[in-house]
Amino acid sequence: MLEGDDAMLGEIEALYATRLPAFLRVARAILGDRERALEAVQDGFADAIRSRGSFRREGPLEAWVWRTVVNAARKAARRPLVEETLSFVETDERPSPPTGVGRVVRSLPERQRLVLFLRYYADLDYRSIADALGVEVGTVSSSLAAARAAVRKALVEVNGL
Amino acid sequence: VIELERPLVEELEALAPLDAQGASWEDVARRAGLRPGVRRRGYRPAILVCAALAVVLGVGTAASAAFGWKVSPFWSWVNSYPPGRTGPIVTVFSGRDWDLVAWKSTKGICTSYGAPGVSGSGCSPLPRRPLAMDFGGGVSRSQGRIIGTVSARVVRVEVRLPGGRSFRARISRRLPELGTTRRFFLAEGPLSFVLNHETRFTLLAYDANGHVVGRFG
């Protein structure tokens with residue numbers, strides 16, 4: 001018979017294996033920097049392992065792990081940097097396109113940007129996003145509505161409508 | 001009506017490009033203070049999670065046919081086996097010595113993979129994005145198998161390997177029995193990514209107009 005603690009560890013590990021890209025992208029959305037994002041994800045999962053005994057299964061495990069990772073990234077974002085690197089790094093294969101949509105997403109308040117990532121990239125539902133960010137579902141709804149409106153407006157402008 | 005989701009996802013991916021180099025479960029375990037040797041799964045949890053399930057179900061543990069699959073609620077599913085099936089069992093893909101079947105359940109769509117010595121299942125709601133890699137694993141030292149799902153507008157999935165090589169994945173028939181318009185895709189080839197973490201691949205999903213609508217990796 002599987003031990004509960006070991007089973008929980010296996011579940012966290014499976015989450016890491018299957019959802020790592022989404023975690024990395026969201027962390028990078030918070031931190032902008034690839035190395036710091038990776039550190040935050042690794043630290044966030046390590047935090048989840050250490051505190052797994054406190055998970056009460058009152059919601060999905062994934063939302064709970066998202067919260068630890070988002071918290072780790074936010075904590076890292078608060079640390080002072082010798083050199084400011086919070087702009088999005090442009091050195092990868094795919095440079096950020098200078099579209100109106102990209103500019104709008106960049107300029108969104110952090111919560112709205114995070115809600116967009118968690119909803120559209122990580123595929124989390126409103127309840128899980130609320131759990132991950134430690135806010136009310138209504139806040140998720142209003143943040144997402146505001147972000148969508150801003151992006152939709154930018155799309156109209158880009159499309160010349 | 002302006003389509004919001006696709007351009008938004010593309011922008012999000014461009015804003016935070018993926019680079020997972022340096023990420024490893026061993027590093028996470030070390031940071032968490034886990035004792036070395038307690039869990040030595042490395043970056044192949046899917047394979048070994050599958051093997052663990054095989055032990056639970058008593059169907060053997062042959063490593064040569066190791067396989068993995070995405071199961072977020074994996075252990076909870078094991079503990080509540082069998083999940084509440086609400087539809088017929090559908091064969092999605094099959095080979096000479098393996099099958100992938102799926103069925104609709106109260107816990108989402110369940111998939112079950114069976115091959116000599118290895119068997120495993122998992123249930124979860126299907127994602128909404130154009131392309132989602134569900135699970136993958138090595139079937140030999142040099143060959144791997146990837147299975148995932150794509151949205152209805154995806155007509156082609158391409159696997160790009162290092163060095164510019166690429167090949168096309170198979171896409172399943174429509175599966176109305178599962179109550180979804182999503183279809184499964186299967187890529188089999190020189191995908192030793194699970195056995196050798198250094199190997200990279202990229203999945204690209206195309207719509208009928210030849211536009212890339214989804215990307216993984």
# chains A, B, ... in the order shown; residues from 1 in each chain; ligands from 1
call {"tool": "closest_atom_pairs", "arguments": {"of": "chain A", "to": "chain B", "cutoff": "8 Å", "atoms": "only C-alpha atoms", "output": "JSON lines"}}
result
{"residue": "A:Met1", "atom": "CA", "partner": "B:Val56", "partner_atom": "CA", "distance": 7.7}
{"residue": "A:Ala7", "atom": "CA", "partner": "B:Trp75", "partner_atom": "CA", "distance": 6.1}
{"residue": "A:Met8", "atom": "CA", "partner": "B:Trp75", "partner_atom": "CA", "distance": 7.5}
{"residue": "A:Gly10", "atom": "CA", "partner": "B:Val49", "partner_atom": "CA", "distance": 7.3}
{"residue": "A:Glu11", "atom": "CA", "partner": "B:Trp75", "partner_atom": "CA", "distance": 6.4}
{"residue": "A:Glu13", "atom": "CA", "partner": "B:Pro45", "partner_atom": "CA", "distance": 6.7}
{"residue": "A:Ala14", "atom": "CA", "partner": "B:Pro45", "partner_atom": "CA", "distance": 6.1}
{"residue": "A:Leu15", "atom": "CA", "partner": "B:Ser72", "partner_atom": "CA", "distance": 6.0}
{"residue": "A:Tyr16", "atom": "CA", "partner": "B:Trp25", "partner_atom": "CA", "distance": 7.6}
{"residue": "A:Ala17", "atom": "CA", "partner": "B:Pro45", "partner_atom": "CA", "distance": 6.5}
{"residue": "A:Thr18", "atom": "CA", "partner": "B:Lys70", "partner_atom": "CA", "distance": 6.2}
{"residue": "A:Leu20", "atom": "CA", "partner": "B:Ala20", "partner_atom": "CA", "distance": 7.9}
{"residue": "A:Pro21", "atom": "CA", "partner": "B:Leu18", "partner_atom": "CA", "distance": 6.5}
{"residue": "A:Leu24", "atom": "CA", "partner": "B:Leu18", "partner_atom": "CA", "distance": 7.0}
{"residue": "A:Arg25", "atom": "CA", "partner": "B:Ala16", "partner_atom": "CA", "distance": 5.3}
{"residue": "A:Val26", "atom": "CA", "partner": "B:Ala16", "partner_atom": "CA", "distance": 7.5}
{"residue": "A:Arg28", "atom": "CA", "partner": "B:Ala16", "partner_atom": "CA", "distance": 5.6}
{"residue": "A:Ala29", "atom": "CA", "partner": "B:Ala16", "partner_atom": "CA", "distance": 5.8}
{"residue": "A:Gly32", "atom": "CA", "partner": "B:Ala16", "partner_atom": "CA", "distance": 7.3}
{"residue": "A:Arg34", "atom": "CA", "partner": "B:Asp19", "partner_atom": "CA", "distance": 7.4}
{"residue": "A:Leu38", "atom": "CA", "partner": "B:Ala23", "partner_atom": "CA", "distance": 6.9}
{"residue": "A:Gln42", "atom": "CA", "partner": "B:Val28", "partner_atom": "CA", "distance": 5.3}
{"residue": "A:Asp43", "atom": "CA", "partner": "B:Val28", "partner_atom": "CA", "distance": 6.9}
{"residue": "A:Phe45", "atom": "CA", "partner": "B:Val28", "partner_atom": "CA", "distance": 6.4}
{"residue": "A:Ala46", "atom": "CA", "partner": "B:Ala32", "partner_atom": "CA", "distance": 4.4}
{"residue": "A:Asp47", "atom": "CA", "partner": "B:Ala32", "partner_atom": "CA", "distance": 6.6}
{"residue": "A:Ile49", "atom": "CA", "partner": "B:Ala32", "partner_atom": "CA", "distance": 6.2}
{"residue": "A:Arg50", "atom": "CA", "partner": "B:Ala32", "partner_atom": "CA", "distance": 5.8}
{"residue": "A:Leu61", "atom": "CA", "partner": "B:Pro73", "partner_atom": "CA", "distance": 8.0}
{"residue": "A:Glu62", "atom": "CA", "partner": "B:Ser72", "partner_atom": "CA", "distance": 7.5}
{"residue": "A:Phe88", "atom": "CA", "partner": "B:Leu15", "partner_atom": "CA", "distance": 6.6}
{"residue": "A:Asp92", "atom": "CA", "partner": "B:Pro17", "partner_atom": "CA", "distance": 6.9}
{"residue": "A:Arg94", "atom": "CA", "partner": "B:Ala14", "partner_atom": "CA", "distance": 6.5}
{"residue": "A:Pro95", "atom": "CA", "partner": "B:Ala14", "partner_atom": "CA", "distance": 6.7}
{"residue": "A:Ser96", "atom": "CA", "partner": "B:Ala14", "partner_atom": "CA", "distance": 5.1}
{"residue": "A:Pro97", "atom": "CA", "partner": "B:Ala14", "partner_atom": "CA", "distance": 7.3}
{"residue": "A:Val101", "atom": "CA", "partner": "B:Glu11", "partner_atom": "CA", "distance": 7.1}
{"residue": "A:Gly102", "atom": "CA", "partner": "B:Glu11", "partner_atom": "CA", "distance": 5.8}
{"residue": "A:Val105", "atom": "CA", "partner": "B:Glu11", "partner_atom": "CA", "distance": 7.8}
{"residue": "A:Arg106", "atom": "CA", "partner": "B:Leu15", "partner_atom": "CA", "distance": 7.8}
{"residue": "A:Phe117", "atom": "CA", "partner": "B:Leu12", "partner_atom": "CA", "distance": 6.8}
{"residue": "A:Tyr120", "atom": "CA", "partner": "B:Val9", "partner_atom": "CA", "distance": 6.3}
{"residue": "A:Tyr121", "atom": "CA", "partner": "B:Val9", "partner_atom": "CA", "distance": 6.4}
{"residue": "A:Asp123", "atom": "CA", "partner": "B:Pro127", "partner_atom": "CA", "distance": 6.5}
{"residue": "A:Arg148", "atom": "CA", "partner": "B:Leu4", "partner_atom": "CA", "distance": 7.9}
{"residue": "A:Val151", "atom": "CA", "partner": "B:Leu8", "partner_atom": "CA", "distance": 7.8}
{"residue": "A:Arg152", "atom": "CA", "partner": "B:Leu4", "partner_atom": "CA", "distance": 6.7}
{"residue": "A:Leu155", "atom": "CA", "partner": "B:Ile2", "partner_atom": "CA", "distance": 7.7}
{"residue": "A:Val156", "atom": "CA", "partner": "B:Ile2", "partner_atom": "CA", "distance": 7.8}
call {"tool": "residues_around", "arguments": {"residues": "Leu124 in chain A", "least_positions_apart": "2", "cutoff": "12 Å", "atoms": "only C-alpha atoms", "output": "ChimeraX atom specification"}}
result
/A:19,22-23,60-64,66-67,114-122,126-133,140 /B:125-129
call {"tool": "atom_distance", "arguments": {"atom1": "CA of Gln112 in chain A", "atom2": "CA of Leu131 in chain B"}}
result
24.0 Å
call {"tool": "atom_distance", "arguments": {"atom1": "CA of Phe201 in chain B", "atom2": "CA of Leu161 in chain B"}}
result
4.8 Å
call {"tool": "atom_distance", "arguments": {"atom1": "CA of Leu175 in chain B", "atom2": "CA of Val157 in chain B"}}
result
17.5 Å
call {"tool": "select_by_dssp", "arguments": {"residues": "chain A", "states": "helix (DSSP H, G or I)", "output": "PyMOL selection string"}}
result
chain A and resi 4-31+34-50+52-54+61-78+100-107+110-121+126-133+137-158
